[in-house]
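Below: structure15.txt (compact mmCIF, C-alpha atoms and all ligand atoms)
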```
# COMPACT_ATOMS: atom_id res chain seq x y z
CA MET A 1 13.24 -16.29 10.58
CA ALA A 2 10.06 -15.38 8.79
CA PRO A 3 8.86 -17.61 5.97
CA GLY A 4 10.09 -16.68 2.53
CA GLY A 5 9.07 -18.16 -0.80
CA PRO A 6 11.23 -20.53 -2.83
CA GLY A 7 14.87 -19.41 -2.83
CA LEU A 8 14.24 -16.37 -0.67
CA GLN A 9 15.11 -16.12 2.99
CA VAL A 10 13.48 -13.26 4.87
CA VAL A 11 14.75 -12.32 8.32
CA ARG A 12 12.69 -10.10 10.59
CA ILE A 13 14.64 -7.48 12.56
CA PRO A 14 12.44 -5.77 15.18
CA VAL A 15 13.60 -2.23 16.02
CA LEU A 16 12.34 0.95 17.71
CA SER A 17 8.96 0.50 19.37
CA ASP A 18 7.15 -1.45 16.64
CA ASN A 19 9.12 -1.37 13.36
CA TYR A 20 10.15 -4.42 11.38
CA ILE A 21 13.16 -4.25 9.07
CA TRP A 22 13.30 -7.11 6.56
CA LEU A 23 16.64 -8.63 5.58
CA LEU A 24 16.42 -10.58 2.30
CA HIS A 25 18.81 -13.24 1.08
CA ASP A 26 18.78 -15.11 -2.22
CA ASP A 27 20.04 -18.63 -1.57
CA ALA A 28 21.04 -19.21 -5.20
CA THR A 29 23.44 -16.26 -5.51
CA GLY A 30 24.06 -15.23 -1.91
CA GLU A 31 22.88 -11.69 -2.63
CA THR A 32 21.37 -9.76 0.26
CA ALA A 33 19.10 -6.72 0.50
CA VAL A 34 17.47 -4.84 3.33
CA VAL A 35 14.01 -3.26 3.16
CA ASP A 36 13.24 -0.05 5.07
CA PRO A 37 16.19 0.10 7.46
CA ALA A 38 14.99 2.44 10.21
CA VAL A 39 18.39 2.07 11.84
CA ALA A 40 21.72 0.59 10.77
CA GLU A 41 23.36 -1.17 13.70
CA PRO A 42 20.98 -4.14 14.20
CA VAL A 43 20.92 -4.71 10.43
CA LEU A 44 24.70 -4.74 10.11
CA ALA A 45 24.96 -7.01 13.14
CA GLU A 46 22.39 -9.50 11.81
CA ALA A 47 24.03 -9.61 8.38
CA ALA A 48 27.47 -10.09 9.92
CA ARG A 49 26.19 -12.87 12.17
CA ARG A 50 24.92 -14.71 9.10
CA GLY A 51 27.94 -13.91 6.95
CA TRP A 52 25.79 -12.02 4.45
CA ALA A 53 27.05 -8.98 2.51
CA ILE A 54 24.33 -6.36 2.03
CA GLY A 55 24.34 -5.23 -1.59
CA GLN A 56 21.08 -3.29 -1.75
CA ILE A 57 18.80 -1.11 0.31
CA TRP A 58 15.15 -0.84 -0.79
CA ASN A 59 13.05 1.97 0.68
CA THR A 60 9.25 2.05 0.34
CA HIS A 61 8.90 5.72 1.35
CA TRP A 62 10.76 8.64 2.87
CA HIS A 63 9.64 8.53 6.52
CA ALA A 64 12.50 8.51 9.03
CA ASP A 65 11.62 5.08 10.42
CA HIS A 66 12.17 3.61 6.93
CA ILE A 67 15.35 5.40 5.78
CA GLY A 68 17.23 6.22 9.01
CA GLY A 69 19.83 3.52 8.42
CA ASN A 70 20.53 4.27 4.75
CA ASP A 71 23.67 6.37 5.18
CA ALA A 72 25.40 4.14 7.72
CA ILE A 73 24.55 0.88 5.91
CA LYS A 74 25.73 2.29 2.60
CA ALA A 75 28.92 3.60 4.24
CA ALA A 76 29.62 0.21 5.82
CA THR A 77 28.72 -2.02 2.87
CA GLY A 78 28.68 0.05 -0.33
CA ALA A 79 25.07 -1.00 -0.85
CA THR A 80 23.01 0.63 -3.58
CA VAL A 81 19.91 2.52 -2.43
CA SER A 82 16.77 2.00 -4.55
CA ALA A 83 13.80 4.13 -3.57
CA PRO A 84 10.75 5.92 -4.98
CA ALA A 85 11.65 8.28 -7.81
CA ALA A 86 9.03 10.74 -6.57
CA GLU A 87 10.74 10.95 -3.17
CA ALA A 88 14.37 11.11 -4.33
CA ALA A 89 15.04 14.46 -2.64
CA LYS A 90 13.96 13.07 0.74
CA ILE A 91 15.87 9.77 0.61
CA PRO A 92 19.41 9.73 2.08
CA SER A 93 22.10 8.17 -0.12
CA PHE A 94 19.59 7.82 -2.97
CA ASP A 95 20.94 5.91 -6.02
CA VAL A 96 18.26 4.20 -8.12
CA ALA A 97 14.85 5.72 -8.93
CA LEU A 98 11.97 3.25 -8.84
CA LYS A 99 8.70 3.80 -10.69
CA GLU A 100 5.57 1.81 -11.43
CA GLY A 101 6.42 -1.35 -13.37
CA ASP A 102 10.18 -1.12 -12.87
CA SER A 103 11.93 -4.34 -12.07
CA VAL A 104 14.29 -4.86 -9.19
CA ARG A 105 16.49 -7.88 -8.81
CA LEU A 106 17.95 -9.70 -5.84
CA GLY A 107 20.25 -12.28 -7.37
CA ALA A 108 17.99 -14.74 -9.19
CA ILE A 109 14.82 -13.25 -7.71
CA GLU A 110 12.91 -10.66 -9.69
CA GLY A 111 10.66 -8.02 -8.22
CA ARG A 112 8.21 -5.56 -9.67
CA VAL A 113 7.58 -2.05 -8.38
CA MET A 114 4.01 -0.94 -7.62
CA GLU A 115 3.30 2.75 -6.96
CA VAL A 116 0.89 2.86 -4.00
CA PRO A 117 0.55 6.55 -3.09
CA ALA A 118 -1.54 7.83 -0.14
CA HIS A 119 0.47 7.30 3.06
CA THR A 120 3.14 9.32 1.24
CA ALA A 121 2.83 10.73 -2.27
CA GLY A 122 5.53 8.48 -3.72
CA HIS A 123 5.09 5.32 -1.64
CA ILE A 124 5.97 2.08 -3.45
CA ALA A 125 5.52 -1.61 -2.79
CA ILE A 126 7.82 -4.29 -4.17
CA HIS A 127 6.24 -7.56 -5.31
CA LEU A 128 8.43 -10.64 -5.79
CA PRO A 129 6.02 -12.96 -7.64
CA ASP A 130 8.26 -16.03 -7.79
CA ALA A 131 9.13 -15.74 -4.10
CA GLN A 132 5.43 -15.13 -3.30
CA ALA A 133 6.22 -12.03 -1.26
CA VAL A 134 5.29 -8.37 -1.26
CA PHE A 135 6.98 -5.63 0.77
CA VAL A 136 4.39 -2.96 1.45
CA GLY A 137 6.00 -0.54 3.91
CA ASP A 138 3.25 1.51 5.58
CA THR A 139 0.55 1.03 2.91
CA LEU A 140 -1.00 -2.29 3.96
CA PHE A 141 -0.86 -3.61 7.53
CA ALA A 142 -2.28 -6.74 9.10
CA MET A 143 -5.98 -5.74 9.40
CA GLY A 144 -5.01 -2.12 8.70
CA CYS A 145 -3.73 0.43 6.23
CA GLY A 146 -1.42 3.42 6.48
CA ARG A 147 -2.67 6.84 7.44
CA LEU A 148 -3.48 9.16 4.55
CA PHE A 149 -0.73 11.74 5.14
CA GLU A 150 -0.03 12.76 1.52
CA GLY A 151 -2.87 11.26 -0.47
CA THR A 152 -6.54 10.42 -0.69
CA ALA A 153 -8.92 7.66 0.25
CA GLU A 154 -9.48 7.10 -3.48
CA GLN A 155 -5.78 6.37 -3.93
CA MET A 156 -5.72 4.04 -0.92
CA PHE A 157 -8.83 2.29 -2.21
CA ASP A 158 -7.04 1.66 -5.52
CA ASN A 159 -3.97 0.42 -3.64
CA MET A 160 -6.06 -2.03 -1.64
CA ALA A 161 -7.70 -3.30 -4.83
CA ARG A 162 -4.35 -3.86 -6.54
CA LEU A 163 -2.81 -5.59 -3.54
CA SER A 164 -5.94 -7.69 -3.07
CA ALA A 165 -5.55 -8.91 -6.64
CA LEU A 166 -2.17 -10.53 -5.89
CA PRO A 167 -2.23 -14.31 -5.35
CA GLY A 168 -3.79 -15.16 -1.98
CA GLU A 169 -0.73 -17.08 -0.79
CA THR A 170 1.50 -14.01 -1.22
CA ALA A 171 3.26 -13.19 2.07
CA VAL A 172 2.76 -9.56 3.06
CA TYR A 173 5.71 -7.97 4.82
CA CYS A 174 4.61 -4.71 6.42
CA ALA A 175 6.86 -2.41 8.38
CA HIS A 176 5.07 -2.26 11.74
CA GLU A 177 3.58 -4.53 14.39
CA TYR A 178 0.20 -2.78 14.54
CA THR A 179 -1.95 -5.90 14.30
CA GLN A 180 -3.55 -5.94 17.73
CA SER A 181 -4.59 -2.30 17.60
CA ASN A 182 -5.81 -2.70 14.02
CA GLY A 183 -7.73 -5.81 14.97
CA ARG A 184 -9.60 -4.06 17.76
CA TYR A 185 -10.84 -1.54 15.23
CA ALA A 186 -11.58 -4.29 12.68
CA LEU A 187 -13.85 -5.98 15.23
CA ALA A 188 -15.68 -2.70 15.76
CA ALA A 189 -15.99 -2.07 12.00
CA GLU A 190 -17.23 -5.60 11.22
CA PRO A 191 -18.63 -7.03 14.44
CA ASP A 192 -20.20 -10.03 12.68
CA ASN A 193 -17.06 -11.08 10.77
CA ALA A 194 -16.14 -14.50 12.17
CA ALA A 195 -12.76 -14.48 10.39
CA ILE A 196 -11.76 -11.30 12.24
CA GLN A 197 -12.93 -12.78 15.55
CA ALA A 198 -10.90 -15.94 15.01
CA ARG A 199 -7.86 -14.02 13.88
CA MET A 200 -7.96 -11.67 16.85
CA ALA A 201 -8.05 -14.59 19.25
CA ALA A 202 -4.87 -15.92 17.63
CA VAL A 203 -3.29 -12.45 17.54
CA ASP A 204 -4.01 -11.84 21.21
CA ASP A 205 -2.43 -15.20 22.07
CA ALA A 206 0.64 -14.48 19.94
CA ARG A 207 1.15 -11.03 21.44
CA ALA A 208 0.69 -12.36 24.96
CA ARG A 209 3.60 -14.70 24.20
CA GLY A 210 5.60 -11.79 22.76
CA GLU A 211 5.46 -13.23 19.24
CA PRO A 212 5.18 -11.22 15.99
CA THR A 213 2.04 -11.38 13.85
CA VAL A 214 3.72 -10.29 10.60
CA PRO A 215 4.05 -11.38 7.82
CA THR A 216 0.43 -11.83 6.95
CA THR A 217 -0.97 -13.04 3.61
CA ILE A 218 -3.13 -11.47 0.94
CA ALA A 219 -5.80 -14.15 1.52
CA LEU A 220 -5.95 -13.39 5.24
CA GLU A 221 -6.21 -9.66 4.56
CA ARG A 222 -9.03 -10.20 2.05
CA ALA A 223 -10.97 -11.95 4.83
CA THR A 224 -10.15 -9.67 7.77
CA ASN A 225 -8.85 -6.25 6.70
CA PRO A 226 -11.60 -3.60 6.98
CA PHE A 227 -9.76 -1.28 4.58
CA MET A 228 -9.15 -3.92 1.91
CA ARG A 229 -12.77 -5.00 2.40
CA ALA A 230 -14.21 -1.47 2.08
CA GLY A 231 -16.72 -1.48 -0.77
CA SER A 232 -15.94 2.02 -1.98
CA ALA A 233 -13.44 4.82 -1.52
CA GLY A 234 -16.07 6.54 0.59
CA GLU A 235 -16.35 3.59 2.91
CA LEU A 236 -12.56 3.38 3.17
CA ALA A 237 -12.47 7.11 3.99
CA ARG A 238 -15.08 6.67 6.74
CA ARG A 239 -13.24 3.68 8.19
CA ARG A 240 -9.87 5.44 8.04
CA ALA A 241 -11.28 8.51 9.80
CA ALA A 242 -12.90 6.32 12.44
CA LYS A 243 -9.68 4.38 13.04
CA ASP A 244 -7.71 7.64 13.37
CA VAL A 245 -9.67 8.46 16.53
CA PHE A 246 -10.54 4.91 17.64
CA LYS A 247 -9.92 4.06 21.27
CA GLY A 248 -10.11 0.30 21.51
ZN ZN B 301 5.45 5.83 7.22
FE FE B 302 6.55 3.67 9.37
```
Using structure tokens, write down the structure that the file contains.
Amino acid sequence: MAPGGPGLQVVRIPVLSDNYIWLLHDDATGETAVVDPAVAEPVLAEAARRGWAIGQIWNTHWHADHIGGNDAIKAATGATVSAPAAEAAKIPSFDVALKEGDSVRLGAIEGRVMEVPAHTAGHIAIHLPDAQAVFVGDTLFAMGCGRLFEGTAEQMFDNMARLSALPGETAVYCAHEYTQSNGRYALAAEPDNAAIQARMAAVDDARARGEPTVPTTIALERATNPFMRAGSAGELARRRAAKDVFKG
């Protein structure tokens, strides 16, 4: 179990080599959603084990490791698939188009859609302010950011600024366990940053014990994420290019 905000339970389902699927449950209404199901079977098994009926699938972007379970989960549960409007043609079993400012709802819990293009052109994040949680897919990682496959450093810089402006206590649920690799680059990018040094010591310990390092928080990313901390789009671009070829 990963921490969720008031009323929200968030269950981490590790799959493939380093993906996290997030299973969401609203205690008040019993409604359940799954975010970025790379695969179906472990999600259906976890929901069944808990006696939860999956009513919604939320996708942050079209990459296979975020949508691979859509068809089978929808077939098994009748769940509705909500995903970026701009990527509708690439999303299996697509139902509901999500755009900037749209609201989503899991039972009593309200969420707000943020368009965060750059990793993919239509990438979205979903912020649940009352539950103090944001689901960011492959845009923001612990001490990292997504690669710029379909967008620019300027867009990613804007994304980092918007995410950074969320309340510091907001839990950040990213879709991969990339923290240790990201942290090695973060130490190289900001060798004098004591917060990164302290965090990496904790991350190395956690990984040595086989424990996850996600979710993170907005406050922790403000202090330790070299992409969120980049002072300009140019600096973010330089850091992203350096990380792309970094051998830590
Ligand atoms: Zn991706
Ligand atoms: Fe991914």
> So which residues are near ligand ZN 301 (chain B), meaning at most 9 Å away with all atoms listed in the file counted, given back as a PyMOL selection string?
Replying inline: chain A and resi 60-66+119-120+123+137-139+146-147+149+175
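We find atom CA of A:Ala195 and atom CA of A:Gly210 to be spaced 22.3 Å apart.
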>> Counting all atoms listed in the file, which residue out of A:Glu115, A:Asp95, A:Glu87, A:Asp26 sits closest to A:Met160?
In response: A:Glu115
Using only C-alpha atoms, tabulate the residues of stretch 104-205 of chain A lying at most 7 Å from any atom of stretch 214-222 of chain A, each with its closest atom pair and that distance in Å to one decimal, by chain and increasing residue number, as JSON lines.
```
{"residue": "A:Ala142", "atom": "CA", "partner": "A:Thr216", "partner_atom": "CA", "distance": 6.2}
{"residue": "A:Met143", "atom": "CA", "partner": "A:Glu221", "partner_atom": "CA", "distance": 6.2}
{"residue": "A:Ser164", "atom": "CA", "partner": "A:Ile218", "partner_atom": "CA", "distance": 6.2}
{"residue": "A:Leu166", "atom": "CA", "partner": "A:Ile218", "partner_atom": "CA", "distance": 7.0}
{"residue": "A:Pro167", "atom": "CA", "partner": "A:Ile218", "partner_atom": "CA", "distance": 7.0}
{"residue": "A:Gly168", "atom": "CA", "partner": "A:Ala219", "partner_atom": "CA", "distance": 4.2}
{"residue": "A:Glu169", "atom": "CA", "partner": "A:Thr217", "partner_atom": "CA", "distance": 6.0}
{"residue": "A:Thr170", "atom": "CA", "partner": "A:Thr217", "partner_atom": "CA", "distance": 5.5}
{"residue": "A:Ala171", "atom": "CA", "partner": "A:Thr217", "partner_atom": "CA", "distance": 4.5}
{"residue": "A:Val172", "atom": "CA", "partner": "A:Thr216", "partner_atom": "CA", "distance": 5.1}
{"residue": "A:Tyr173", "atom": "CA", "partner": "A:Pro215", "partner_atom": "CA", "distance": 4.8}
{"residue": "A:Cys174", "atom": "CA", "partner": "A:Pro215", "partner_atom": "CA", "distance": 6.8}
{"residue": "A:Glu177", "atom": "CA", "partner": "A:Val214", "partner_atom": "CA", "distance": 6.9}
```
Hey, can you spit out that residue selection with C-alpha atoms as a short mmCIF file (atom, residue, chain, number, x, y, z; two decimals), in the coordinates of the input?
```cif
data_model
loop_
_atom_site.label_atom_id
_atom_site.label_comp_id
_atom_site.auth_asym_id
_atom_site.auth_seq_id
_atom_site.Cartn_x
_atom_site.Cartn_y
_atom_site.Cartn_z
CA ALA A 142 -2.28 -6.74 9.10
CA MET A 143 -5.98 -5.74 9.40
CA SER A 164 -5.94 -7.69 -3.07
CA LEU A 166 -2.17 -10.53 -5.89
CA PRO A 167 -2.23 -14.31 -5.35
CA GLY A 168 -3.79 -15.16 -1.98
CA GLU A 169 -0.73 -17.08 -0.79
CA THR A 170 1.50 -14.01 -1.22
CA ALA A 171 3.26 -13.19 2.07
CA VAL A 172 2.76 -9.56 3.06
CA TYR A 173 5.71 -7.97 4.82
CA CYS A 174 4.61 -4.71 6.42
CA GLU A 177 3.58 -4.53 14.39
#
```
>> At a cut-off of 9 Å, using all atoms listed in the file, what residues contact A:Ile13? Leave out same-chain residues fewer than 3 positions from it and give the result as a ChimeraX atom specification.
In response: /A:19-23,42-43,46
>> Please determine, counting only C-alpha atoms and all ligand atoms, which residue among A:Ala125, A:Ala153, A:Ala161, A:Ile67 has the shortest atom-to-atom distance to ligand FE 302 (chain B).
In response: A:Ile67
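Ranking A:Gly30, A:Leu140, A:Ala97, A:Glu110 by their shortest atom-to-atom distance to ligand FE 302 (chain B), with all atoms listed in the file included, puts A:Leu140 first.
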>> For a quick check of understanding, using all atoms listed in the file, which of A:His127, A:Lys247, A:Arg184, A:Arg207 has the smallest distance to A:Pro226?
In response: A:Arg184
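Take atom CA of A:Phe157 and atom CA of A:Ala233: the distance between them is 5.3 Å.
Considering all atoms listed in the file, the residue among A:Gly107, A:Pro37, A:Gly78, A:Pro129 positioned nearest to ligand FE 302 (chain B) is A:Pro37.
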